[in-house]
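Participant: This is the structure I want to talk about, given as C-alpha cells.
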Amino acid sequence: MPELPEAEVVARQIRAQLTGCRVRELWVGRADIVRQGYDWRPWYVDARLDSVARYGKSIAMAFAKGGETRYLVAELGMTGLLLFASVAIKLPQHIHARLVFDGGKETELRYWNPRRFGCLRLLDQGGLEQYVRKRFGSDPLAVTIEDFTARIQERRGRLKPLLMRQQVIAGIGNIYANEILFRAGLHPHARVNRLAPSSRERLYHVTRTVLTEAIACGGSSVRDFFAPDGGEGSYKQYHLVYGKTGQPCPNRCGATIRRLKGERSSFYCPRCQRRR
DNA sequence: AGCTCTTCCTGAAAGC
DNA sequence: TGCTTTCAGGAAGAGC
C-alpha cells in the first residue's frame with residue numbers, strides 16, 4: 001500500500017525518467033477509473049510533462065501545452081502502481097490507463113490497480129488547487145515544528161487516527177503510523193490534546209525520521225509495491241511492529257507486540273507505548 | 001467534532 | 001482436491 005514514502009519514490013522516478021517528454025496518447029481502458037475530467041483526455045496529446053509533484057500519497061504530473069498547464073493526478077489507493085511499460089508487461093491484467101510518450105517502450109507509463117481503490121483525475125490549475133486545498137493538510141516533511149504541534153494540540157481525538165488524517169497531516173497510512181508511534185513511544189489511543197509538549201516534539205521528529213529513512217530505502221514493499229522501474233523498497237526490513245503480532249518487543253522490554261481488536265490493525269507494544 | 005459502520009474491489013488465505 | 005467464505009484496507013459518506 002503506497003503511502004508517502006512510496007509515492008515520493010514514484011514521483012522521483014517519473015520526474016527523472018519522463019520530464020520534458022511529449023505525450024503521444026492518453027489511453028484509458030475503463031472510464032470509471034478517471035474520477036474527474038474524463039472528457040479532457042484529448043487535451044493531453046502533444047502536451048509536455050513539465051514537472052511532477054507529490055501531495056500526501058497522490059502524484060500530480062503537470063503538463064504544458066500552448067501556454068496552459070493541466071494536471072494528471074494519480075491516487076494509488078491500496079494496490080495502485082505507476083509502472084514504466086517494460087515493467088508493466090509482467091502485469092498484463094488490471095492496467096486501466098496508459099500514458100504514451102514519444103520515444104518508444106521505455107517512455108510509457110501505465111496505471112495498474114487490481115482493486116481499484118484509487119483513481120485518476122484530469123484537472124486544470126484551479127481544479128488542482130481546489131483538490132489540494134480540500135484534501136491535504138501539512139506535508140510532514142515540509143511542516144515546521146511550530147505548525148505541526150499547533151495543528152495537533154487543538155485536536156481532541158485519538159493519536160493514530162489523527163496521524164492518518166490526510167486533511168491534517170498528509171501522507172501517513174497504517175504502516176507508517178504504527179511504526180512512528182512505536183518509535184515515539186506513544187499509544188495509538190493516546191489523547192492528542194493531553195500529550196506533553198515533549199511528546200509532541202518527539203512525534204514530529206520521529207515522523208520525519210521514519211519517512212525520510214523509508215524514502216531513502218525506496219519505500220516498503222509489503223505486499224506488492226513496486227516503483228515505476230520495477231524496484232522493490234527495502235524499508236520493510238526495518239519495520240519494528242507492523243505485522244509482528246506475538247513477537248517480542250524490539251526494545252527487549254519483555255512484552256510482546258499486540259494487535260488491537262475491532263480496529264484496522266494497530267500494532268503496538270503495551271509496555272513501551274503507554275496510553276498517558 | 002469525533003467515533004463507528006458501510007461501501008467500493010479483488011485476490012490471497014482460511015475453512016469445509 | 002475444489003469449492004465457498006472471509007478478510008484486508010484508503011478514503012468518503014452516513015448516522016449517531
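We name chains A, B, ... following the order of the C-alpha cells; residues begin at 1 in each chain, and ligands are numbered from 1 as shown.
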Give me, as a list of chain:residue names, the residues of chain A touching chain C, with the criterion being at most 9 Å (counting only C-alpha atoms (C1' of nucleotides)).
Facilitator: A:Met1, A:Gly77, A:Met78, A:Phe117, A:Gly118, A:Gly173, A:Arg264
Participant: Emit the selected residues as a compact mmCIF listing (two decimals), in the first residue's frame, including N, CA and C atoms.
Facilitator:
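Output below, filename result.txt:
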# COMPACT_ATOMS: atom_id res chain seq x y z
N MET A 1 0.84 -1.21 0.00
CA MET A 1 0.00 0.00 0.00
C MET A 1 0.86 1.24 0.00
N GLY A 77 -4.36 4.47 -4.00
CA GLY A 77 -5.19 3.64 -3.14
C GLY A 77 -4.37 2.54 -2.52
N MET A 78 -4.94 1.38 -2.38
CA MET A 78 -4.22 0.29 -1.73
C MET A 78 -3.26 -0.42 -2.65
N PHE A 117 -9.09 0.78 -5.65
CA PHE A 117 -9.28 1.81 -4.62
C PHE A 117 -8.31 2.91 -5.01
N GLY A 118 -8.75 3.78 -5.80
CA GLY A 118 -7.83 4.78 -6.33
C GLY A 118 -8.38 5.23 -7.66
N GLY A 173 -0.11 6.55 6.30
CA GLY A 173 -1.12 5.49 6.32
C GLY A 173 -0.85 4.55 7.48
N ARG A 264 -8.63 -1.33 12.59
CA ARG A 264 -7.74 -1.74 11.49
C ARG A 264 -6.31 -1.87 11.95
Participant: Just the helix (DSSP H, G or I) stuff from region 19-144 of chain A, please, per backbone DSSP, written as a PyMOL selection string.
Facilitator: chain A and resi 31-33+38-44+85-88+105-107+125-135
Participant: Can you write just those residues out, N, CA and C atoms, as an mmCIF file, in the first residue's frame?
Facilitator:
data_model
loop_
_atom_site.group_PDB
_atom_site.id
_atom_site.type_symbol
_atom_site.label_atom_id
_atom_site.label_comp_id
_atom_site.auth_asym_id
_atom_site.auth_seq_id
_atom_site.Cartn_x
_atom_site.Cartn_y
_atom_site.Cartn_z
ATOM 1 N N ALA A 31 -13.446 3.811 -18.131
ATOM 2 C CA ALA A 31 -13.769 5.221 -17.913
ATOM 3 C C ALA A 31 -13.899 5.556 -16.425
ATOM 4 N N ASP A 32 -14.399 4.591 -15.630
ATOM 5 C CA ASP A 32 -14.683 4.939 -14.229
ATOM 6 C C ASP A 32 -13.427 5.070 -13.365
ATOM 7 N N ILE A 33 -12.269 4.777 -13.950
ATOM 8 C CA ILE A 33 -11.036 4.991 -13.189
ATOM 9 C C ILE A 33 -10.663 6.479 -13.207
ATOM 10 N N TYR A 38 -12.798 13.376 -17.236
ATOM 11 C CA TYR A 38 -12.666 12.338 -18.263
ATOM 12 C C TYR A 38 -12.672 12.924 -19.681
ATOM 13 N N ASP A 39 -13.503 13.915 -19.907
ATOM 14 C CA ASP A 39 -13.639 14.478 -21.254
ATOM 15 C C ASP A 39 -12.438 15.327 -21.692
ATOM 16 N N TRP A 40 -11.522 15.561 -20.791
ATOM 17 C CA TRP A 40 -10.366 16.377 -21.138
ATOM 18 C C TRP A 40 -9.197 15.568 -21.670
ATOM 19 N N ARG A 41 -9.389 14.293 -21.843
ATOM 20 C CA ARG A 41 -8.301 13.431 -22.334
ATOM 21 C C ARG A 41 -7.602 13.962 -23.590
ATOM 22 N N PRO A 42 -8.360 14.401 -24.612
ATOM 23 C CA PRO A 42 -7.683 14.814 -25.858
ATOM 24 C C PRO A 42 -6.688 15.950 -25.668
ATOM 25 N N TRP A 43 -6.917 16.789 -24.681
ATOM 26 C CA TRP A 43 -6.012 17.930 -24.474
ATOM 27 C C TRP A 43 -4.574 17.468 -24.257
ATOM 28 N N TYR A 44 -4.405 16.341 -23.618
ATOM 29 C CA TYR A 44 -3.068 15.914 -23.191
ATOM 30 C C TYR A 44 -2.164 15.474 -24.343
ATOM 31 N N ALA A 85 6.560 0.934 -18.948
ATOM 32 C CA ALA A 85 5.988 -0.160 -19.733
ATOM 33 C C ALA A 85 6.809 -1.437 -19.654
ATOM 34 N N SER A 86 8.102 -1.309 -19.609
ATOM 35 C CA SER A 86 8.952 -2.502 -19.594
ATOM 36 C C SER A 86 8.690 -3.350 -18.365
ATOM 37 N N VAL A 87 8.219 -2.733 -17.286
ATOM 38 C CA VAL A 87 7.901 -3.458 -16.063
ATOM 39 C C VAL A 87 6.477 -3.975 -16.117
ATOM 40 N N ALA A 88 5.574 -3.132 -16.599
ATOM 41 C CA ALA A 88 4.154 -3.459 -16.572
ATOM 42 C C ALA A 88 3.825 -4.662 -17.448
ATOM 43 N N LYS A 105 9.243 2.331 -26.067
ATOM 44 C CA LYS A 105 8.740 1.496 -24.988
ATOM 45 C C LYS A 105 9.134 1.987 -23.597
ATOM 46 N N GLU A 106 10.321 2.523 -23.497
ATOM 47 C CA GLU A 106 10.794 2.965 -22.185
ATOM 48 C C GLU A 106 10.089 4.227 -21.710
ATOM 49 N N THR A 107 9.331 4.819 -22.594
ATOM 50 C CA THR A 107 8.670 6.064 -22.218
ATOM 51 C C THR A 107 7.151 5.902 -22.257
ATOM 52 N N GLN A 125 -5.582 24.192 -13.595
ATOM 53 C CA GLN A 125 -4.910 24.844 -12.468
ATOM 54 C C GLN A 125 -5.845 25.034 -11.266
ATOM 55 N N GLY A 126 -7.016 25.570 -11.551
ATOM 56 C CA GLY A 126 -7.976 25.810 -10.479
ATOM 57 C C GLY A 126 -8.440 24.514 -9.839
ATOM 58 N N GLY A 127 -8.644 23.510 -10.681
ATOM 59 C CA GLY A 127 -9.081 22.209 -10.184
ATOM 60 C C GLY A 127 -8.060 21.588 -9.258
ATOM 61 N N LEU A 128 -6.793 21.719 -9.625
ATOM 62 C CA LEU A 128 -5.733 21.165 -8.781
ATOM 63 C C LEU A 128 -5.674 21.887 -7.441
ATOM 64 N N GLU A 129 -5.769 23.206 -7.504
ATOM 65 C CA GLU A 129 -5.688 23.981 -6.262
ATOM 66 C C GLU A 129 -6.822 23.621 -5.312
ATOM 67 N N GLN A 130 -7.993 23.479 -5.883
ATOM 68 C CA GLN A 130 -9.159 23.107 -5.077
ATOM 69 C C GLN A 130 -8.981 21.709 -4.476
ATOM 70 N N TYR A 131 -8.503 20.809 -5.319
ATOM 71 C CA TYR A 131 -8.272 19.426 -4.893
ATOM 72 C C TYR A 131 -7.284 19.373 -3.737
ATOM 73 N N VAL A 132 -6.193 20.081 -3.886
ATOM 74 C CA VAL A 132 -5.146 20.054 -2.860
ATOM 75 C C VAL A 132 -5.640 20.716 -1.578
ATOM 76 N N ARG A 133 -6.309 21.839 -1.730
ATOM 77 C CA ARG A 133 -6.792 22.573 -0.551
ATOM 78 C C ARG A 133 -7.780 21.739 0.259
ATOM 79 N N LYS A 134 -8.648 21.050 -0.447
ATOM 80 C CA LYS A 134 -9.700 20.303 0.226
ATOM 81 C C LYS A 134 -9.182 19.052 0.941
ATOM 82 N N ARG A 135 -8.135 18.435 0.366
ATOM 83 C CA ARG A 135 -7.783 17.118 0.876
ATOM 84 C C ARG A 135 -6.520 17.000 1.673
#
Participant: Counting only C-alpha atoms (C1' of nucleotides), which residues from chain A have an atom at most 8 Å from any atom of chain B, and could you show them as a list of chain:residue names?
Facilitator: A:Pro114, A:Arg115, A:Arg116, A:Phe117, A:Arg156, A:Gly157
Participant: Residues within 12 Å of Gly80 (chain A), please, as JSON, numbers by chain. Count only C-alpha atoms (C1' of nucleotides); anything in the same chain fewer than 2 positions from it doesn't count.
Facilitator: {"A": [1, 2, 3, 6, 7, 10, 33, 57, 58, 59, 74, 75, 76, 77, 78, 82, 83, 94, 95, 96, 97, 110, 111, 112, 113, 114, 115, 116, 117, 118, 119, 120, 223, 224, 225, 226, 227, 228], "C": [10]}
Participant: For the residues selected in the previous step, produce a file with N, CA and C atoms (P, O5', C5', C4', C3', O3' and C1' of nucleotides) as a CSV table (one decimal), in the first residue's frame.
Facilitator:
chain,number,residue,atom,x,y,z
A,1,MET,N,0.8,-1.2,0.0
A,1,MET,CA,0.0,0.0,0.0
A,1,MET,C,0.9,1.2,0.0
A,2,PRO,N,0.8,1.9,-1.1
A,2,PRO,CA,1.7,3.1,-1.1
A,2,PRO,C,1.3,4.2,-0.2
A,3,GLU,N,2.2,4.6,0.6
A,3,GLU,CA,2.0,5.8,1.5
A,3,GLU,C,3.0,6.9,1.0
A,6,GLU,N,6.5,5.8,-0.5
A,6,GLU,CA,6.3,5.1,-1.8
A,6,GLU,C,5.9,6.1,-2.9
A,7,ALA,N,4.9,7.0,-2.5
A,7,ALA,CA,4.5,8.0,-3.5
A,7,ALA,C,5.7,8.9,-3.9
A,10,VAL,N,7.9,7.1,-6.3
A,10,VAL,CA,7.2,7.0,-7.6
A,10,VAL,C,7.4,8.4,-8.3
A,33,ILE,N,-12.3,4.8,-14.0
A,33,ILE,CA,-11.0,5.0,-13.2
A,33,ILE,C,-10.7,6.5,-13.2
A,57,LYS,N,-0.3,11.2,-0.5
A,57,LYS,CA,0.1,10.0,-1.2
A,57,LYS,C,-0.2,10.1,-2.7
A,58,SER,N,-0.7,11.2,-3.1
A,58,SER,CA,-1.0,11.4,-4.6
A,58,SER,C,0.1,11.9,-5.4
A,59,ILE,N,0.1,11.6,-6.6
A,59,ILE,CA,1.2,12.0,-7.6
A,59,ILE,C,0.5,12.9,-8.6
A,74,ALA,N,-2.7,11.1,-9.9
A,74,ALA,CA,-2.9,9.6,-9.7
A,74,ALA,C,-3.0,9.4,-8.2
A,75,GLU,N,-4.2,8.8,-7.8
A,75,GLU,CA,-4.3,8.3,-6.4
A,75,GLU,C,-4.1,6.8,-6.5
A,76,LEU,N,-3.2,6.2,-5.7
A,76,LEU,CA,-2.9,4.8,-5.9
A,76,LEU,C,-3.7,3.9,-5.0
A,77,GLY,N,-4.4,4.5,-4.0
A,77,GLY,CA,-5.2,3.6,-3.1
A,77,GLY,C,-4.4,2.5,-2.5
A,78,MET,N,-4.9,1.4,-2.4
A,78,MET,CA,-4.2,0.3,-1.7
A,78,MET,C,-3.3,-0.4,-2.7
A,82,LEU,N,2.2,2.9,-10.6
A,82,LEU,CA,2.5,3.6,-11.9
A,82,LEU,C,3.8,2.9,-12.3
A,83,LEU,N,3.8,2.3,-13.5
A,83,LEU,CA,4.9,1.5,-14.0
A,83,LEU,C,5.3,1.9,-15.3
A,94,HIS,N,-5.3,-5.7,-15.3
A,94,HIS,CA,-5.6,-4.5,-14.4
A,94,HIS,C,-4.9,-3.3,-14.8
A,95,ILE,N,-4.4,-3.1,-16.0
A,95,ILE,CA,-3.9,-1.9,-16.4
A,95,ILE,C,-5.0,-1.0,-17.0
A,96,HIS,N,-5.3,0.1,-16.3
A,96,HIS,CA,-6.5,0.8,-16.6
A,96,HIS,C,-6.3,2.1,-17.4
A,97,ALA,N,-5.0,2.5,-17.4
A,97,ALA,CA,-4.7,3.7,-18.2
A,97,ALA,C,-3.2,3.6,-18.7
A,110,ARG,N,2.2,3.3,-17.1
A,110,ARG,CA,0.9,2.6,-17.0
A,110,ARG,C,0.4,2.6,-15.6
A,111,TYR,N,-0.9,2.8,-15.5
A,111,TYR,CA,-1.6,2.8,-14.2
A,111,TYR,C,-2.2,1.4,-14.0
A,112,TRP,N,-1.7,0.7,-13.0
A,112,TRP,CA,-2.1,-0.7,-12.7
A,112,TRP,C,-2.8,-0.7,-11.4
A,113,ASN,N,-4.0,-1.2,-11.3
A,113,ASN,CA,-4.7,-1.2,-10.0
A,113,ASN,C,-5.8,-2.2,-9.9
A,114,PRO,N,-5.4,-3.4,-9.4
A,114,PRO,CA,-6.4,-4.5,-9.4
A,114,PRO,C,-7.6,-4.2,-8.5
A,115,ARG,N,-7.5,-3.6,-7.4
A,115,ARG,CA,-8.6,-3.4,-6.5
A,115,ARG,C,-9.3,-2.1,-6.8
A,116,ARG,N,-8.7,-1.3,-7.5
A,116,ARG,CA,-9.3,0.0,-7.9
A,116,ARG,C,-9.8,0.9,-6.8
A,117,PHE,N,-9.1,0.8,-5.7
A,117,PHE,CA,-9.3,1.8,-4.6
A,117,PHE,C,-8.3,2.9,-5.0
A,118,GLY,N,-8.7,3.8,-5.8
A,118,GLY,CA,-7.8,4.8,-6.3
A,118,GLY,C,-8.4,5.2,-7.7
A,119,CYS,N,-7.8,6.3,-8.2
A,119,CYS,CA,-8.4,6.9,-9.4
A,119,CYS,C,-7.4,7.8,-10.0
A,120,LEU,N,-7.8,8.3,-11.2
A,120,LEU,CA,-7.0,9.3,-11.9
A,120,LEU,C,-7.9,10.5,-12.0
A,223,ARG,N,3.1,-5.7,0.4
A,223,ARG,CA,2.5,-6.8,-0.4
A,223,ARG,C,3.1,-6.7,-1.8
A,224,ASP,N,2.7,-5.7,-2.5
A,224,ASP,CA,3.0,-5.6,-3.9
A,224,ASP,C,3.5,-4.2,-4.4
A,225,PHE,N,4.2,-3.5,-3.5
A,225,PHE,CA,4.7,-2.2,-4.0
A,225,PHE,C,5.9,-2.4,-4.9
A,226,PHE,N,5.8,-1.8,-6.1
A,226,PHE,CA,7.0,-1.7,-7.0
A,226,PHE,C,7.1,-0.3,-7.4
A,227,ALA,N,8.3,0.2,-7.5
A,227,ALA,CA,8.5,1.5,-8.1
A,227,ALA,C,8.2,1.4,-9.6
A,228,PRO,N,8.1,2.6,-10.3
A,228,PRO,CA,7.9,2.5,-11.7
A,228,PRO,C,8.9,1.7,-12.5
C,10,DG,P,-4.8,1.5,4.7
C,10,DG,O5',-5.3,2.6,3.7
C,10,DG,C5',-4.6,2.8,2.5
C,10,DG,C4',-5.2,3.9,1.7
C,10,DG,C3',-5.5,5.1,2.5
C,10,DG,O3',-5.4,6.2,1.5
C,10,DG,C1',-7.6,4.1,1.9
Participant: Using CA of Arg258 (chain A) and CA of Pro270 (chain A) as the two end points, give the distance in Å to one decimal.
Facilitator: 7.0 Å
Participant: Could you state the separation of CA of Ala190 (chain A) and CA of Ser221 (chain A) in Å, given to one decimal place?
Facilitator: 28.5 Å
Participant: Tell me, in Å to one decimal, how far CA of Ile169 (chain A) is from CA of Ala196 (chain A).
Facilitator: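 Taking CA of Ile169 (chain A) and CA of Ala196 (chain A), their separation equals 19.2 Å.
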